[in-house]
file structure26.txt (compact mmCIF, C-alpha atoms)
# COMPACT_ATOMS: atom_id res chain seq x y z
CA MET A 199 105.04 135.29 86.36
CA THR A 200 105.67 135.49 90.10
CA TYR A 201 104.96 132.48 92.28
CA SER A 202 104.13 132.83 95.96
CA PRO A 203 103.89 129.35 97.46
CA VAL A 204 101.71 128.97 100.52
CA PHE A 205 103.02 127.45 103.75
CA LEU A 206 100.88 126.03 106.53
CA SER A 207 102.80 125.18 109.68
CA GLU A 208 102.04 122.22 111.92
CA SER A 209 100.32 124.42 114.48
CA GLU A 210 98.17 126.06 111.79
CA SER A 211 97.01 122.82 110.16
CA ALA A 212 96.35 121.24 113.56
CA ALA A 213 94.08 124.14 114.46
CA LEU A 214 92.19 123.90 111.15
CA VAL A 215 91.54 120.16 110.91
CA ASP A 216 88.50 118.39 112.31
CA ASP A 217 86.63 115.13 111.72
CA ASP A 218 84.18 116.59 109.21
CA LEU A 219 86.93 118.07 107.04
CA ALA A 220 88.95 114.84 107.19
CA LEU A 221 86.00 112.62 106.28
CA ALA A 222 84.97 114.82 103.35
CA ALA A 223 88.57 114.87 102.07
CA ALA A 224 88.81 111.09 102.43
CA ARG A 225 85.63 110.57 100.42
CA GLU A 226 86.94 112.90 97.71
CA ALA A 227 90.23 110.98 97.60
CA PHE A 228 88.64 107.56 97.32
CA LEU A 229 86.27 108.73 94.59
CA ALA A 230 89.27 110.21 92.77
CA THR A 231 90.98 106.80 92.55
CA ALA A 232 88.78 106.06 89.52
CA ASP A 233 90.45 108.76 87.42
CA GLY A 234 93.50 109.83 89.45
CA SER A 235 97.00 108.41 89.42
CA THR A 236 99.22 107.08 92.18
CA PHE A 237 102.80 105.99 91.90
CA PRO A 238 105.02 103.42 93.64
CA VAL A 239 105.82 104.10 97.28
CA VAL A 240 109.42 104.97 98.12
CA ILE A 241 110.73 103.93 101.55
CA GLY A 242 114.03 105.29 102.81
CA HIS A 243 116.02 106.24 105.89
CA SER A 244 118.73 108.65 106.99
CA SER A 245 122.30 107.68 107.79
CA LEU A 246 120.75 106.11 110.88
CA PRO A 247 119.07 102.97 109.49
CA HIS A 248 116.44 102.78 112.24
CA THR A 249 114.88 106.03 111.00
CA ARG A 250 112.27 105.84 108.25
CA PHE A 251 110.60 108.07 105.72
CA THR A 252 108.00 107.20 103.11
CA LEU A 253 107.16 109.12 99.94
CA LYS A 254 103.72 108.70 98.42
CA SER A 255 102.88 110.67 95.29
CA GLY A 256 99.91 111.10 93.01
CA SER A 257 97.68 113.36 90.96
CA ALA A 258 93.97 113.89 90.44
CA GLY A 259 92.38 116.82 88.62
CA ASP A 260 94.22 119.98 89.66
CA LEU A 261 95.99 118.23 92.55
CA VAL A 262 99.58 117.07 92.02
CA GLY A 263 102.08 116.34 94.75
CA VAL A 264 103.76 114.17 97.30
CA LYS A 265 103.42 113.33 100.97
CA ILE A 266 106.51 112.64 103.06
CA GLY A 267 105.83 110.71 106.24
CA SER A 268 108.74 110.25 108.63
CA PHE A 269 109.45 108.30 111.79
CA TRP A 270 112.46 109.28 113.88
CA PRO A 271 112.28 107.06 117.00
CA ASP A 272 115.02 108.90 118.89
CA ASN A 273 113.11 112.18 119.00
CA THR A 274 112.43 113.38 122.51
CA ALA A 275 111.75 117.13 122.30
CA LEU A 276 109.90 116.66 118.99
CA PRO A 277 107.24 114.11 117.98
CA ARG A 278 108.60 110.93 116.45
CA HIS A 279 106.15 111.05 113.55
CA SER A 280 105.83 113.88 111.07
CA SER A 281 103.95 114.44 107.83
CA THR A 282 104.67 117.01 105.12
CA ILE A 283 102.53 117.47 102.01
CA VAL A 284 103.95 119.24 98.97
CA LEU A 285 101.54 120.45 96.29
CA LEU A 286 102.74 121.42 92.81
CA ASP A 287 101.08 123.67 90.27
CA PRO A 288 99.62 121.22 87.73
CA ALA A 289 100.30 123.56 84.80
CA THR A 290 103.92 124.43 85.55
CA GLY A 291 105.25 121.94 88.10
CA ARG A 292 106.28 124.84 90.32
CA LEU A 293 105.78 124.73 94.07
CA ARG A 294 102.20 125.59 95.04
CA ALA A 295 102.08 124.85 98.77
CA VAL A 296 103.76 123.08 101.65
CA VAL A 297 101.56 121.81 104.46
CA GLU A 298 102.94 120.35 107.67
CA ALA A 299 100.27 117.92 108.78
CA ALA A 300 101.32 115.47 111.46
CA ALA A 301 98.22 116.04 113.60
CA ALA A 302 96.00 116.28 110.53
CA ASN A 303 97.46 112.99 109.27
CA ALA A 304 95.97 111.20 112.28
CA TYR A 305 92.55 112.58 111.36
CA ARG A 306 93.11 111.58 107.71
CA THR A 307 94.01 107.99 108.62
CA ALA A 308 91.04 107.59 110.93
CA ALA A 309 88.74 109.16 108.35
CA ALA A 310 89.64 106.47 105.79
CA ASP A 311 88.82 103.72 108.25
CA ALA A 312 85.59 105.47 109.26
CA LEU A 313 84.64 105.86 105.59
CA ALA A 314 85.06 102.11 105.20
CA VAL A 315 82.87 101.56 108.26
CA ALA A 316 80.23 103.92 106.86
CA THR A 317 80.31 102.04 103.55
CA LEU A 318 80.68 98.43 104.66
CA ALA A 319 79.63 97.90 108.28
CA ARG A 320 76.11 96.89 109.29
CA PRO A 321 73.92 99.95 109.94
CA ASP A 322 73.09 98.67 113.42
CA ALA A 323 76.73 98.16 114.50
CA ARG A 324 76.96 99.16 118.15
CA THR A 325 80.00 97.46 119.72
CA LEU A 326 83.38 98.78 118.62
CA THR A 327 86.53 96.91 119.59
CA VAL A 328 89.85 98.62 119.06
CA ILE A 329 93.15 96.75 119.24
CA GLY A 330 95.85 99.22 120.14
CA THR A 331 96.16 101.91 122.79
CA GLY A 332 98.36 104.49 121.08
CA HIS A 333 97.69 108.00 119.82
CA GLN A 334 96.09 106.84 116.56
CA ALA A 335 93.67 104.49 118.29
CA LEU A 336 91.80 107.36 119.94
CA HIS A 337 91.31 109.07 116.59
CA GLU A 338 89.95 105.81 115.21
CA VAL A 339 87.40 105.46 118.01
CA ARG A 340 86.23 109.02 117.65
CA ALA A 341 85.91 108.84 113.85
CA VAL A 342 84.11 105.48 113.78
CA SER A 343 81.66 106.48 116.49
CA ARG A 344 80.56 109.38 114.29
CA VAL A 345 79.38 107.11 111.44
CA ARG A 346 77.73 104.26 113.36
CA PRO A 347 75.55 104.21 116.52
CA ILE A 348 78.35 102.88 118.71
CA ASP A 349 77.23 102.50 122.32
CA ARG A 350 80.22 100.72 123.85
CA VAL A 351 83.94 100.40 123.18
CA LEU A 352 86.16 97.46 124.12
CA VAL A 353 89.90 98.04 124.26
CA VAL A 354 92.50 95.34 123.63
CA GLY A 355 96.08 96.21 124.53
CA ARG A 356 99.35 94.42 125.18
CA ARG A 357 99.41 95.75 128.76
CA ALA A 358 96.45 95.73 131.11
CA ASP A 359 97.34 99.11 132.59
CA ALA A 360 97.59 100.73 129.16
CA ALA A 361 94.24 99.27 128.11
CA GLN A 362 92.61 100.51 131.33
CA ALA A 363 94.06 104.00 130.93
CA PHE A 364 93.06 104.16 127.27
CA ALA A 365 89.50 103.03 128.03
CA ALA A 366 89.21 105.83 130.58
CA ARG A 367 90.47 108.32 128.01
CA VAL A 368 87.96 107.09 125.40
CA THR A 369 85.13 107.74 127.84
CA ALA A 370 86.50 111.16 128.78
CA VAL A 371 86.83 112.24 125.12
CA THR A 372 83.76 110.63 123.54
CA GLY A 373 81.39 110.01 126.46
CA LEU A 374 81.07 106.36 125.40
CA PRO A 375 81.38 103.60 127.98
CA ALA A 376 84.67 101.81 127.39
CA ALA A 377 86.37 98.89 129.09
CA PRO A 378 89.49 96.77 128.60
CA ALA A 379 89.07 93.25 127.25
CA ASP A 380 91.26 90.33 126.31
CA ALA A 381 91.71 89.73 122.58
CA ARG A 382 89.29 86.84 122.29
CA THR A 383 86.51 88.59 124.20
CA GLY A 384 86.98 91.86 122.34
CA VAL A 385 87.09 90.30 118.87
CA SER A 386 84.15 87.98 119.53
CA ALA A 387 81.95 90.82 120.76
CA ALA A 388 82.78 93.28 117.99
CA ASP A 389 80.36 94.58 115.39
CA VAL A 390 83.23 96.78 114.20
CA LEU A 391 86.86 95.85 114.84
CA VAL A 392 89.64 98.38 114.29
CA THR A 393 93.31 97.45 114.50
CA ALA A 394 95.76 100.30 115.07
CA THR A 395 99.13 98.73 115.85
CA THR A 396 102.62 98.23 114.44
CA ALA A 397 102.28 94.44 114.57
CA ARG A 398 104.23 92.03 112.41
CA GLU A 399 102.11 88.99 113.18
CA PRO A 400 98.37 88.33 113.56
CA LEU A 401 96.70 89.92 116.55
CA PHE A 402 93.86 87.39 116.88
CA ASP A 403 92.47 84.09 115.63
CA ALA A 404 90.17 84.18 112.62
CA THR A 405 87.68 81.86 114.32
CA TRP A 406 86.97 84.53 116.96
CA VAL A 407 85.36 86.84 114.39
CA ARG A 408 81.55 86.66 114.28
CA PRO A 409 79.71 86.68 110.94
CA GLY A 410 78.60 90.21 110.16
CA THR A 411 81.65 91.90 111.67
CA HIS A 412 83.42 94.68 109.83
CA ILE A 413 87.19 95.01 110.28
CA SER A 414 89.19 98.14 109.45
CA ALA A 415 92.94 97.46 109.66
CA MET A 416 95.36 100.37 109.35
CA GLY A 417 98.67 99.14 110.75
CA ALA A 418 100.19 97.32 107.76
CA ASP A 419 101.91 99.97 105.65
CA GLY A 420 105.29 98.40 104.95
CA PRO A 421 106.99 95.09 104.14
CA GLY A 422 106.58 92.51 106.90
CA LYS A 423 103.79 94.28 108.78
CA GLN A 424 100.66 92.25 109.55
CA GLU A 425 97.70 92.57 111.92
CA LEU A 426 95.14 90.10 110.56
CA PRO A 427 95.22 86.29 110.36
CA ALA A 428 95.56 85.13 106.76
CA GLU A 429 92.82 82.57 107.38
CA ILE A 430 90.22 85.35 107.36
CA HIS A 431 90.86 85.99 103.67
CA GLY A 432 88.88 82.92 102.71
CA SER A 433 85.79 83.74 104.78
CA ALA A 434 85.45 87.51 104.38
CA LYS A 435 84.80 90.05 101.65
CA LEU A 436 88.04 91.94 101.16
CA PHE A 437 88.44 95.65 100.42
CA CYS A 438 91.33 98.12 100.45
CA ASP A 439 92.39 101.56 99.29
CA LEU A 440 94.65 100.52 96.39
CA PRO A 441 94.75 96.80 95.45
CA ASP A 442 98.29 96.73 94.04
CA GLN A 443 99.70 98.70 96.97
CA SER A 444 97.80 96.62 99.50
CA ARG A 445 99.34 93.47 98.09
CA ALA A 446 102.80 95.06 98.05
CA ILE A 447 103.03 96.73 101.47
CA GLY A 448 99.58 96.39 103.05
CA GLU A 449 97.71 93.62 104.81
CA PHE A 450 97.24 91.55 101.68
CA GLN A 451 100.97 91.15 101.07
CA HIS A 452 100.46 87.98 103.11
CA ALA A 453 98.09 86.43 100.56
CA SER A 454 99.41 86.90 97.04
CA ALA A 455 96.39 85.20 95.45
CA VAL A 456 93.95 87.62 97.07
CA VAL A 457 92.45 90.33 94.85
CA PRO A 458 90.75 92.86 97.17
CA VAL A 459 88.18 95.34 95.90
CA ALA A 460 89.03 99.04 95.94
CA LEU A 461 86.78 100.96 98.32
CA GLY A 462 86.50 103.70 95.70
CA ALA A 463 84.83 101.20 93.36
CA VAL A 464 82.18 100.52 96.00
CA LEU A 465 81.61 104.24 96.52
CA THR A 466 81.06 104.80 92.80
CA GLY A 467 78.81 101.73 92.47
CA ALA A 468 81.25 99.91 90.19
CA SER A 469 81.59 97.07 92.73
CA GLU A 470 79.32 95.77 95.44
CA GLY A 471 80.11 95.98 99.13
CA ARG A 472 78.18 94.24 101.89
CA THR A 473 75.21 92.29 100.53
CA SER A 474 74.08 90.50 103.69
CA PRO A 475 74.03 91.15 107.46
CA GLU A 476 76.07 87.94 107.76
CA ASP A 477 78.92 89.14 105.54
CA THR A 478 82.26 89.64 107.24
CA THR A 479 83.99 92.59 105.61
CA VAL A 480 87.66 93.56 105.84
CA PHE A 481 89.16 96.91 104.81
CA ASP A 482 92.93 97.29 104.61
CA SER A 483 94.16 100.89 104.77
CA SER A 484 97.79 101.29 103.72
CA GLY A 485 97.32 104.97 102.85
CA PHE A 486 97.74 106.66 99.46
CA ALA A 487 98.79 110.05 98.23
CA LEU A 488 95.40 111.28 97.01
CA GLN A 489 94.23 111.23 100.64
CA ASP A 490 97.02 113.63 101.53
CA LEU A 491 96.51 115.88 98.52
CA THR A 492 92.78 116.28 99.12
CA LEU A 493 93.45 116.85 102.82
CA ALA A 494 96.04 119.55 102.09
CA ALA A 495 93.71 121.26 99.62
CA ALA A 496 90.87 121.21 102.16
CA LEU A 497 93.12 122.70 104.83
CA LEU A 498 94.28 125.43 102.46
CA ARG A 499 90.69 126.30 101.54
CA ARG A 500 89.73 126.53 105.20
CA ALA A 501 92.80 128.64 105.94
CA ALA A 502 91.92 131.00 103.11
CA LEU A 503 88.36 131.36 104.40
CA ALA A 504 89.74 132.11 107.84
CA GLY A 505 92.09 134.72 106.37
CA ASP A 506 95.25 132.81 107.32
CA THR A 507 96.57 132.67 103.75
CA GLU A 508 96.26 134.90 100.72
call {"tool": "encode", "arguments": {"input": "structure26.txt", "output": "structure tokens"}}
result
Amino acid sequence: MTYSPVFLSESESAALVDDDLALAAAREAFLATADGSTFPVVIGHSSLPHTRFTLKSGSAGDLVGVKIGSFWPDNTALPRHSSTIVLLDPATGRLRAVVEAAAANAYRTAAADALAVATLARPDARTLTVIGTGHQALHEVRAVSRVRPIDRVLVVGRRADAAQAFAARVTAVTGLPAAPADARTGVSAADVLVTATTAREPLFDATWVRPGTHISAMGADGPGKQELPAEIHGSAKLFCDLPDQSRAIGEFQHASAVVPVALGAVLTGASEGRTSPEDTTVFDSSGFALQDLTLAAALLRRAALAGDTE
């Protein structure tokens, strides 16, 4: 038997991805957590210890593979972040496809947080506060504003000039009015709060969060990372992508007694989500391989329909 693995380059996958594809793939991945398998995350580096790569692997149905996410901070001519998804043939273990997906990965990450908003946030949520002014934060704003009737965005950043510039970009891209805010003002006003940082300590005080707020936190994906105050664990309903992983490398590593609910269980009806407009809900997104496998498969299907692959 002859095998002809498929390759999608970064430029090809970036041209194929959009918010609808990413959200559908995210939903498929979270539903697949009920029957699929994920395996322990491997974190490594090159001979330069300040570099980092992460391997996340899993399987669900006819999808088997691994995602390699890398961060090379010294890159200047190339992006510092990259993402490569490797799919294997489930029957033989042979290489099925390689998909470069750095740009698509940003859509995938935002789609998970937006799926949590669609599942857990109040239907009338209108004020979105985002903490963070980097590349990922804009994807988060765009994705969340597609699933809730957001009519204003508040931006919290470490630097006033960065927050002002990012707010202007949000308006230019989404058409939504956006303005910078200090952390207390932004958190207190939020119906939906998204954190998109590399923080290693809490970004705000738990007492600033109003009852009824939904929080999607995506920055904690390794040992020592933290965006949320641990005090919020006792007053909020807690959700995540994978409970064991979240407690190992995600936000809930900072509260060993916490047992968050898997978002997939809410989607299937096995667990309840929000039950009252006054509930504060928290979703921790540390990322898992099934998201990457379903994303790669969706990109390959779209490429095939477009005639880019055989």
call {"tool": "residues_around", "arguments": {"input": "structure26.txt", "residues": "Pro475 in chain A", "least_positions_apart": "6", "cutoff": "10 Å", "atoms": "only C-alpha atoms", "output": "ChimeraX atom specification"}}
result
/A:319-322,409-411
call {"tool": "write_last_selection", "arguments": {"input": "structure26.txt", "atoms": "C-alpha atoms", "output": "short mmCIF file (atom, residue, chain, number, x, y, z; two decimals), in the frame of the given file"}}
result
data_model
loop_
_atom_site.label_atom_id
_atom_site.label_comp_id
_atom_site.auth_asym_id
_atom_site.auth_seq_id
_atom_site.Cartn_x
_atom_site.Cartn_y
_atom_site.Cartn_z
CA ALA A 319 79.63 97.90 108.28
CA ARG A 320 76.11 96.89 109.29
CA PRO A 321 73.92 99.95 109.94
CA ASP A 322 73.09 98.67 113.42
CA PRO A 409 79.71 86.68 110.94
CA GLY A 410 78.60 90.21 110.16
CA THR A 411 81.65 91.90 111.67
#
call {"tool": "atom_distance", "arguments": {"input": "structure26.txt", "atom1": "CA of Ser207 in chain A", "atom2": "CA of Ala502 in chain A"}}
result
14.0 Å
call {"tool": "atom_distance", "arguments": {"input": "structure26.txt", "atom1": "CA of Ala301 in chain A", "atom2": "CA of Asp442 in chain A"}}
result
27.5 Å
call {"tool": "closest_residue", "arguments": {"input": "structure26.txt", "among": "A:Thr331, A:Ser444, A:Thr478, A:Gln362", "to": "Thr405 in chain A", "atoms": "only C-alpha atoms"}}
result
A:Thr478
call {"tool": "residues_around", "arguments": {"input": "structure26.txt", "residues": "range 490-497 of chain A", "least_positions_apart": "4", "cutoff": "9 Å", "atoms": "all atoms listed in the file", "output": "ChimeraX atom specification"}}
result
/A:206,211,214-215,219-220,222-224,226-227,254-258,261-265,283-285,295-299,302-303,306,485-486,501-502
call {"tool": "closest_residue", "arguments": {"input": "structure26.txt", "among": "A:Ser280, A:Thr393, A:Ser244, A:Thr307", "to": "Gln489 in chain A", "atoms": "all atoms listed in the file"}}
result
A:Thr307
call {"tool": "residues_around", "arguments": {"input": "structure26.txt", "residues": "His337 in chain A", "least_positions_apart": "2", "cutoff": "7 Å", "atoms": "all atoms listed in the file", "output": "PDB file with C-alpha atoms, in the coordinates of the input"}}
result
ATOM      1  CA  ALA A 304      95.970 111.200 112.280  1.00  0.00           C
ATOM      2  CA  TYR A 305      92.550 112.580 111.360  1.00  0.00           C
ATOM      3  CA  ALA A 308      91.040 107.590 110.930  1.00  0.00           C
ATOM      4  CA  GLN A 334      96.090 106.840 116.560  1.00  0.00           C
ATOM      5  CA  ALA A 335      93.670 104.490 118.290  1.00  0.00           C
ATOM      6  CA  VAL A 339      87.400 105.460 118.010  1.00  0.00           C
ATOM      7  CA  ARG A 340      86.230 109.020 117.650  1.00  0.00           C
ATOM      8  CA  ALA A 341      85.910 108.840 113.850  1.00  0.00           C
TER       9      ALA A 341
END
call {"tool": "residues_around", "arguments": {"input": "structure26.txt", "residues": "Ala460 in chain A", "least_positions_apart": "6", "cutoff": "7 Å", "atoms": "only C-alpha atoms", "output": "ChimeraX atom specification"}}
result
/A:437-441
call {"tool": "atom_distance", "arguments": {"input": "structure26.txt", "atom1": "CA of Arg367 in chain A", "atom2": "CA of Ser386 in chain A"}}
result
22.9 Å
call {"tool": "residues_around", "arguments": {"input": "structure26.txt", "residues": "Arg250 in chain A", "least_positions_apart": "3", "cutoff": "7 Å", "atoms": "all atoms listed in the file", "output": "MDAnalysis selection string"}}
result
chainID A and resid 242:243 268:270
call {"tool": "closest_residue", "arguments": {"input": "structure26.txt", "among": "A:Pro375, A:Ala358, A:Asn273, A:Asp389", "to": "Ala323 in chain A", "atoms": "all atoms listed in the file"}}
result
A:Asp389
call {"tool": "decode", "arguments": {"input": "structure26.txt", "residues": "range 273-288 of chain A", "atoms": "N, CA, C and O atoms", "output": "PDB file, in the first residue's frame"}}
result
ATOM      1  N   ASN A 273      13.379  34.720  18.098  1.00  0.00           N
ATOM      2  CA  ASN A 273      13.037  34.872  16.685  1.00  0.00           C
ATOM      3  C   ASN A 273      12.763  36.338  16.347  1.00  0.00           C
ATOM      4  O   ASN A 273      12.043  37.023  17.079  1.00  0.00           O
ATOM      5  N   THR A 274      13.318  36.762  15.236  1.00  0.00           N
ATOM      6  CA  THR A 274      13.054  38.119  14.762  1.00  0.00           C
ATOM      7  C   THR A 274      12.439  38.086  13.357  1.00  0.00           C
ATOM      8  O   THR A 274      11.401  38.685  13.111  1.00  0.00           O
ATOM      9  N   ALA A 275      13.032  37.344  12.448  1.00  0.00           N
ATOM     10  CA  ALA A 275      12.496  37.251  11.094  1.00  0.00           C
ATOM     11  C   ALA A 275      11.286  36.323  11.029  1.00  0.00           C
ATOM     12  O   ALA A 275      10.480  36.404  10.112  1.00  0.00           O
ATOM     13  N   LEU A 276      11.165  35.419  12.004  1.00  0.00           N
ATOM     14  CA  LEU A 276      10.048  34.479  12.072  1.00  0.00           C
ATOM     15  C   LEU A 276       9.224  34.752  13.328  1.00  0.00           C
ATOM     16  O   LEU A 276       9.740  35.299  14.310  1.00  0.00           O
ATOM     17  N   PRO A 277       7.950  34.361  13.340  1.00  0.00           N
ATOM     18  CA  PRO A 277       7.150  34.491  14.562  1.00  0.00           C
ATOM     19  C   PRO A 277       7.760  33.688  15.701  1.00  0.00           C
ATOM     20  O   PRO A 277       8.381  32.638  15.488  1.00  0.00           O
ATOM     21  N   ARG A 278       7.564  34.158  16.907  1.00  0.00           N
ATOM     22  CA  ARG A 278       8.094  33.457  18.073  1.00  0.00           C
ATOM     23  C   ARG A 278       7.307  32.191  18.389  1.00  0.00           C
ATOM     24  O   ARG A 278       7.843  31.228  18.915  1.00  0.00           O
ATOM     25  N   HIS A 279       6.006  32.212  18.093  1.00  0.00           N
ATOM     26  CA  HIS A 279       5.151  31.057  18.355  1.00  0.00           C
ATOM     27  C   HIS A 279       4.934  30.265  17.067  1.00  0.00           C
ATOM     28  O   HIS A 279       4.774  30.841  15.989  1.00  0.00           O
ATOM     29  N   SER A 280       4.901  28.953  17.183  1.00  0.00           N
ATOM     30  CA  SER A 280       4.495  28.128  16.055  1.00  0.00           C
ATOM     31  C   SER A 280       3.681  26.951  16.567  1.00  0.00           C
ATOM     32  O   SER A 280       3.725  26.607  17.756  1.00  0.00           O
ATOM     33  N   SER A 281       2.922  26.349  15.660  1.00  0.00           N
ATOM     34  CA  SER A 281       2.075  25.215  16.013  1.00  0.00           C
ATOM     35  C   SER A 281       2.065  24.244  14.849  1.00  0.00           C
ATOM     36  O   SER A 281       1.780  24.634  13.713  1.00  0.00           O
ATOM     37  N   THR A 282       2.377  22.986  15.127  1.00  0.00           N
ATOM     38  CA  THR A 282       2.387  21.952  14.099  1.00  0.00           C
ATOM     39  C   THR A 282       1.558  20.771  14.584  1.00  0.00           C
ATOM     40  O   THR A 282       1.783  20.260  15.687  1.00  0.00           O
ATOM     41  N   ILE A 283       0.605  20.337  13.754  1.00  0.00           N
ATOM     42  CA  ILE A 283      -0.274  19.229  14.112  1.00  0.00           C
ATOM     43  C   ILE A 283       0.063  18.045  13.214  1.00  0.00           C
ATOM     44  O   ILE A 283       0.115  18.182  11.983  1.00  0.00           O
ATOM     45  N   VAL A 284       0.296  16.904  13.825  1.00  0.00           N
ATOM     46  CA  VAL A 284       0.630  15.682  13.095  1.00  0.00           C
ATOM     47  C   VAL A 284      -0.504  14.681  13.300  1.00  0.00           C
ATOM     48  O   VAL A 284      -0.826  14.313  14.440  1.00  0.00           O
ATOM     49  N   LEU A 285      -1.133  14.272  12.207  1.00  0.00           N
ATOM     50  CA  LEU A 285      -2.185  13.263  12.258  1.00  0.00           C
ATOM     51  C   LEU A 285      -1.644  11.931  11.767  1.00  0.00           C
ATOM     52  O   LEU A 285      -0.915  11.873  10.764  1.00  0.00           O
ATOM     53  N   LEU A 286      -1.996  10.853  12.475  1.00  0.00           N
ATOM     54  CA  LEU A 286      -1.604   9.503  12.096  1.00  0.00           C
ATOM     55  C   LEU A 286      -2.812   8.738  11.566  1.00  0.00           C
ATOM     56  O   LEU A 286      -3.957   9.022  11.954  1.00  0.00           O
ATOM     57  N   ASP A 287      -2.554   7.773  10.714  1.00  0.00           N
ATOM     58  CA  ASP A 287      -3.616   6.878  10.277  1.00  0.00           C
ATOM     59  C   ASP A 287      -3.987   5.974  11.459  1.00  0.00           C
ATOM     60  O   ASP A 287      -3.117   5.290  12.010  1.00  0.00           O
ATOM     61  N   PRO A 288      -5.252   5.958  11.877  1.00  0.00           N
ATOM     62  CA  PRO A 288      -5.612   5.192  13.073  1.00  0.00           C
ATOM     63  C   PRO A 288      -5.469   3.686  12.905  1.00  0.00           C
ATOM     64  O   PRO A 288      -5.315   2.953  13.888  1.00  0.00           O
TER      65      PRO A 288
END
